[in-house]
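Asker: Here you go, one structure.
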Amino acid sequence: QVQPVESGGGLVQAGASLRLSCTASGIRLFLNTVSWYRQAPGKQRELVATIADSSITTTNFADSVKGRFTISRDILKNTVYLQMNNLKPDDTAVYYCNIFQGGENYWGQGTQVTVSS
């Protein structure tokens with residue numbers, strides 16, 4: 001069973017940075033597409049960033065985070081990171097890691113990011 005595990009969330013002030021991490025046992029993340037989603041209270045879950053598997057290694061970002069967020073991976077640590085800079089109150093949400101493997105989506109439990117103004 002693939003189980004993503006997120007970490008790195010917290011409470012920060014506007015303009016600060018955070019780095020979220022996603023790892024999973026029993027699976028090599030660099031062979032799969034990994035995405036970060038977020039869900040704010042009362043809103044639908046939305047795609048934030050995606051990094052494709054190592055055969056392509058393309059990245060995509062939601063318009064709302066372009067220029068502020070980056071996504072990367074450390075193959076040796078089997079971890080995908082979401083670096084979030086210049087955070088805004090609108091970035092407040094629970095952030096989820098998603099791993100797409102074999103036609104299936106696997107979700108982590110999420111990590112809370114709260115940005116105060």
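Starting from 1 in every chain, residues are counted up; chains themselves are A, B, ... following the order of the structure tokens, and ligands are numbered from 1 as listed.
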Mind checking which residues fall within 9 Å of Ile75 (chain A), counting only C-alpha atoms, ignoring those fewer than 5 positions away in the same chain, and posting them as a CSV table (one decimal) with N, CA and C atoms, in the first residue's frame?
Answerer:
```csv
chain,number,residue,atom,x,y,z
A,28,ARG,N,9.4,4.3,-5.3
A,28,ARG,CA,10.5,5.2,-5.7
A,28,ARG,C,9.8,6.4,-6.3
A,29,LEU,N,9.8,7.5,-5.6
A,29,LEU,CA,9.0,8.6,-6.0
A,29,LEU,C,9.4,9.2,-7.4
A,30,PHE,N,10.7,9.1,-7.7
A,30,PHE,CA,11.2,9.6,-9.0
A,30,PHE,C,10.7,8.9,-10.2
A,80,VAL,N,9.9,14.4,-2.2
A,80,VAL,CA,9.5,15.5,-3.1
A,80,VAL,C,9.2,16.7,-2.2
```
Asker: Find the residues around Thr79 (chain A) up to 12 Å (only C-alpha atoms counted), leave out those fewer than 2 positions away in its own chain, and share them as number ranges by chain.
Answerer: A: 4-7, 19-25, 27-32, 34-35, 51, 71-77, 81-82, 97, 99
Asker: Would you write out those residues with N, CA and C atoms, as a short mmCIF file (atom, residue, chain, number, x, y, z; two decimals), in the first residue's frame?
Answerer:
```cif
data_model
loop_
_atom_site.label_atom_id
_atom_site.label_comp_id
_atom_site.auth_asym_id
_atom_site.auth_seq_id
_atom_site.Cartn_x
_atom_site.Cartn_y
_atom_site.Cartn_z
N PRO A 4 1.62 8.19 1.07
CA PRO A 4 2.43 9.40 1.15
C PRO A 4 2.37 9.99 2.55
N VAL A 5 3.46 10.59 2.97
CA VAL A 5 3.52 11.24 4.27
C VAL A 5 4.06 12.65 4.07
N GLU A 6 3.26 13.64 4.45
CA GLU A 6 3.67 15.04 4.32
C GLU A 6 4.20 15.57 5.65
N SER A 7 5.06 16.57 5.54
CA SER A 7 5.55 17.27 6.72
C SER A 7 5.99 18.66 6.31
N ARG A 19 8.95 24.98 3.53
CA ARG A 19 9.23 23.89 2.61
C ARG A 19 8.50 22.64 3.11
N LEU A 20 7.63 22.15 2.27
CA LEU A 20 6.89 20.93 2.56
C LEU A 20 7.63 19.74 1.97
N SER A 21 7.54 18.62 2.64
CA SER A 21 8.17 17.39 2.18
C SER A 21 7.14 16.29 2.04
N CYS A 22 7.36 15.46 1.05
CA CYS A 22 6.49 14.29 0.84
C CYS A 22 7.39 13.09 0.61
N THR A 23 7.18 12.07 1.38
CA THR A 23 7.91 10.83 1.18
C THR A 23 6.95 9.66 1.27
N ALA A 24 7.38 8.51 0.86
CA ALA A 24 6.54 7.32 0.93
C ALA A 24 7.44 6.10 0.93
N SER A 25 7.11 5.13 1.71
CA SER A 25 7.88 3.90 1.74
C SER A 25 7.37 2.93 0.68
N ILE A 27 8.04 2.70 -2.44
CA ILE A 27 7.85 3.24 -3.77
C ILE A 27 8.95 4.25 -4.05
N ARG A 28 9.44 4.26 -5.26
CA ARG A 28 10.46 5.22 -5.65
C ARG A 28 9.78 6.41 -6.32
N LEU A 29 9.77 7.50 -5.59
CA LEU A 29 8.99 8.65 -6.04
C LEU A 29 9.45 9.17 -7.40
N PHE A 30 10.72 9.05 -7.71
CA PHE A 30 11.20 9.64 -8.96
C PHE A 30 10.67 8.89 -10.19
N LEU A 31 10.10 7.72 -9.98
CA LEU A 31 9.52 6.96 -11.09
C LEU A 31 8.06 7.30 -11.32
N ASN A 32 7.53 8.19 -10.51
CA ASN A 32 6.10 8.48 -10.59
C ASN A 32 5.85 9.98 -10.60
N VAL A 34 4.31 13.10 -9.05
CA VAL A 34 3.94 13.52 -7.70
C VAL A 34 3.42 14.95 -7.75
N SER A 35 2.33 15.17 -7.08
CA SER A 35 1.69 16.49 -7.09
C SER A 35 1.40 16.95 -5.68
N ILE A 51 5.28 17.44 -10.43
CA ILE A 51 6.56 17.09 -11.03
C ILE A 51 6.39 15.71 -11.64
N ILE A 71 8.85 23.08 -7.10
CA ILE A 71 8.74 21.68 -6.72
C ILE A 71 10.00 20.97 -7.18
N SER A 72 10.50 20.10 -6.34
CA SER A 72 11.74 19.39 -6.67
C SER A 72 11.75 18.05 -5.96
N ARG A 73 12.73 17.25 -6.28
CA ARG A 73 12.84 15.95 -5.60
C ARG A 73 14.29 15.64 -5.30
N ASP A 74 14.46 14.86 -4.26
CA ASP A 74 15.76 14.32 -3.88
C ASP A 74 15.64 12.81 -4.02
N ILE A 75 16.29 12.28 -5.03
CA ILE A 75 16.16 10.85 -5.31
C ILE A 75 16.70 10.01 -4.17
N LEU A 76 17.84 10.42 -3.63
CA LEU A 76 18.47 9.62 -2.56
C LEU A 76 17.60 9.60 -1.30
N LYS A 77 16.94 10.70 -1.03
CA LYS A 77 16.07 10.77 0.15
C LYS A 77 14.65 10.32 -0.16
N TYR A 81 9.77 17.86 -2.64
CA TYR A 81 9.63 19.08 -1.85
C TYR A 81 8.75 20.10 -2.56
N LEU A 82 8.06 20.87 -1.77
CA LEU A 82 7.36 22.05 -2.28
C LEU A 82 7.92 23.24 -1.51
N CYS A 97 -0.09 15.67 -0.46
CA CYS A 97 0.78 15.06 -1.46
C CYS A 97 -0.01 13.96 -2.18
N ILE A 99 0.42 10.89 -5.12
CA ILE A 99 1.29 10.08 -5.95
C ILE A 99 0.42 9.32 -6.93
#
```
Asker: Of the candidates A:Ser116, A:Ser17, A:Ser55, A:Thr33, which one gets nearest to Met84 (chain A) if we count only C-alpha atoms?
Answerer: A:Ser17
Asker: What's around Ala49 (chain A) at 6 Å? Count only C-alpha atoms, leave out sequence neighbours fewer than 6 positions away in its own chain, and write the answer as a PDB file with N, CA and C atoms, in the first residue's frame.
Answerer:
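Saved result, selection.pdb, follows:
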```pdb
ATOM      1  N   SER A  35       2.325  15.168  -7.079  1.00  0.00           N
ATOM      2  CA  SER A  35       1.693  16.487  -7.092  1.00  0.00           C
ATOM      3  C   SER A  35       1.399  16.948  -5.676  1.00  0.00           C
ATOM      4  N   TRP A  36       1.312  18.256  -5.549  1.00  0.00           N
ATOM      5  CA  TRP A  36       0.823  18.865  -4.318  1.00  0.00           C
ATOM      6  C   TRP A  36      -0.518  19.521  -4.615  1.00  0.00           C
ATOM      7  N   ASN A  60       4.743  21.676 -13.352  1.00  0.00           N
ATOM      8  CA  ASN A  60       3.633  22.580 -13.643  1.00  0.00           C
ATOM      9  C   ASN A  60       3.133  23.198 -12.350  1.00  0.00           C
ATOM     10  N   PHE A  61       2.630  24.404 -12.469  1.00  0.00           N
ATOM     11  CA  PHE A  61       2.189  25.131 -11.291  1.00  0.00           C
ATOM     12  C   PHE A  61       0.863  25.833 -11.561  1.00  0.00           C
TER      13      PHE A  61
END
```
Asker: Write out as a list in words the residues lying within 8 Å of Glu46 (chain A), counting only C-alpha atoms and excluding same-chain residues fewer than 4 positions away.
Answerer: Tyr37, Arg38 and Gln39 of chain A
Asker: Output N, CA and C atoms for every residue in that selection, as a JSON list (two decimals), in the first residue's frame.
Answerer:
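Once written, result_39.json looks like this:
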```
[["chain", "number", "residue", "atom", "x", "y", "z"],
["A", 37, "TYR", "N", -1.47, 19.24, -3.76],
["A", 37, "TYR", "CA", -2.77, 19.87, -3.81],
["A", 37, "TYR", "C", -2.98, 20.62, -2.50],
["A", 38, "ARG", "N", -3.96, 21.49, -2.51],
["A", 38, "ARG", "CA", -4.33, 22.15, -1.26],
["A", 38, "ARG", "C", -5.83, 22.35, -1.20],
["A", 39, "GLN", "N", -6.33, 22.43, 0.01],
["A", 39, "GLN", "CA", -7.75, 22.65, 0.22],
["A", 39, "GLN", "C", -7.94, 23.62, 1.37]]
```
Asker: For each of A:Gly103, A:Gln3, A:Ser117, A:Ala93, take the minimum atom-to-atom distance to Pro41 (chain A), counting only C-alpha atoms, then give the residue where this is smallest.
Answerer: A:Ala93
Asker: Which polymer residues have any atom within 12 Å of an atom of Asp63 (chain A), counting only C-alpha atoms, with same-chain residues fewer than 4 positions away left out, as a list in words?
Answerer: Glu46, Leu47, Val48, Ala49, Gly67, Arg68 and Phe69 of chain A
Asker: Would you write out those residues with all heavy atoms, as an mmCIF file, in the first residue's frame?
Answerer:
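File produced: again.cif:
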```cif
data_model
loop_
_atom_site.group_PDB
_atom_site.id
_atom_site.type_symbol
_atom_site.label_atom_id
_atom_site.label_comp_id
_atom_site.auth_asym_id
_atom_site.auth_seq_id
_atom_site.Cartn_x
_atom_site.Cartn_y
_atom_site.Cartn_z
ATOM 1 N N GLU A 46 -7.512 21.958 -4.799
ATOM 2 C CA GLU A 46 -6.963 22.445 -6.047
ATOM 3 C C GLU A 46 -5.520 21.998 -6.219
ATOM 4 O O GLU A 46 -4.776 21.845 -5.247
ATOM 5 C CB GLU A 46 -7.037 23.976 -6.118
ATOM 6 C CG GLU A 46 -6.210 24.704 -5.075
ATOM 7 C CD GLU A 46 -6.148 26.207 -5.307
ATOM 8 O OE1 GLU A 46 -6.593 26.687 -6.373
ATOM 9 O OE2 GLU A 46 -5.625 26.909 -4.412
ATOM 10 N N LEU A 47 -5.149 21.818 -7.483
ATOM 11 C CA LEU A 47 -3.790 21.428 -7.807
ATOM 12 C C LEU A 47 -2.860 22.626 -7.660
ATOM 13 O O LEU A 47 -3.143 23.696 -8.175
ATOM 14 C CB LEU A 47 -3.734 20.884 -9.236
ATOM 15 C CG LEU A 47 -2.365 20.490 -9.775
ATOM 16 C CD1 LEU A 47 -1.783 19.338 -8.975
ATOM 17 C CD2 LEU A 47 -2.472 20.117 -11.257
ATOM 18 N N VAL A 48 -1.753 22.414 -6.972
ATOM 19 C CA VAL A 48 -0.774 23.477 -6.759
ATOM 20 C C VAL A 48 0.435 23.298 -7.657
ATOM 21 O O VAL A 48 0.861 24.232 -8.345
ATOM 22 C CB VAL A 48 -0.328 23.513 -5.280
ATOM 23 C CG1 VAL A 48 0.760 24.563 -5.074
ATOM 24 C CG2 VAL A 48 -1.513 23.786 -4.369
ATOM 25 N N ALA A 49 1.007 22.095 -7.649
ATOM 26 C CA ALA A 49 2.234 21.857 -8.415
ATOM 27 C C ALA A 49 2.376 20.377 -8.706
ATOM 28 O O ALA A 49 1.924 19.536 -7.927
ATOM 29 C CB ALA A 49 3.447 22.367 -7.653
ATOM 30 N N GLY A 67 6.055 31.554 -9.808
ATOM 31 C CA GLY A 67 7.021 32.560 -9.392
ATOM 32 C C GLY A 67 7.293 32.562 -7.898
ATOM 33 O O GLY A 67 8.250 33.202 -7.443
ATOM 34 N N ARG A 68 6.458 31.882 -7.139
ATOM 35 C CA ARG A 68 6.647 31.838 -5.678
ATOM 36 C C ARG A 68 6.955 30.433 -5.163
ATOM 37 O O ARG A 68 7.701 30.268 -4.202
ATOM 38 C CB ARG A 68 5.388 32.364 -4.966
ATOM 39 C CG ARG A 68 5.027 33.798 -5.315
ATOM 40 C CD ARG A 68 3.893 34.315 -4.432
ATOM 41 N NE ARG A 68 2.661 33.566 -4.621
ATOM 42 C CZ ARG A 68 2.010 32.954 -3.644
ATOM 43 N NH1 ARG A 68 2.479 32.981 -2.405
ATOM 44 N NH2 ARG A 68 0.883 32.302 -3.886
ATOM 45 N N PHE A 69 6.370 29.432 -5.794
ATOM 46 C CA PHE A 69 6.550 28.051 -5.361
ATOM 47 C C PHE A 69 7.419 27.305 -6.365
ATOM 48 O O PHE A 69 7.344 27.553 -7.575
ATOM 49 C CB PHE A 69 5.208 27.324 -5.272
ATOM 50 C CG PHE A 69 4.297 27.776 -4.154
ATOM 51 C CD1 PHE A 69 4.534 28.942 -3.438
ATOM 52 C CD2 PHE A 69 3.175 27.028 -3.834
ATOM 53 C CE1 PHE A 69 3.692 29.353 -2.425
ATOM 54 C CE2 PHE A 69 2.314 27.423 -2.819
ATOM 55 C CZ PHE A 69 2.576 28.586 -2.121
#
```
Asker: Taking only residues of region 34-108 of chain A that have an atom at most 6 Å from an atom of region 11-16 of chain A, what is each one's shortest atom pair and its distance in Å to one decimal, using only C-alpha atoms, in chain and number order, as a tab-separated table?
Answerer:
```
residue	atom	partner	partner_atom	distance
A:Asn86	CA	A:Gly15	CA	4.1
A:Leu87	CA	A:Gly15	CA	4.9
A:Lys88	CA	A:Ala14	CA	5.0
```
Asker: Show which residues sit within 8 Å of Gln112 (chain A), as a PyMOL selection string. Count only C-alpha atoms, and ignore same-chain residues fewer than 3 positions away.
Answerer: chain A and resi 9-10+92-95
Asker: Using CA of Arg45 (chain A) and CA of Thr58 (chain A) as the two end points, give the distance in Å to one decimal.
Answerer: 22.0 Å
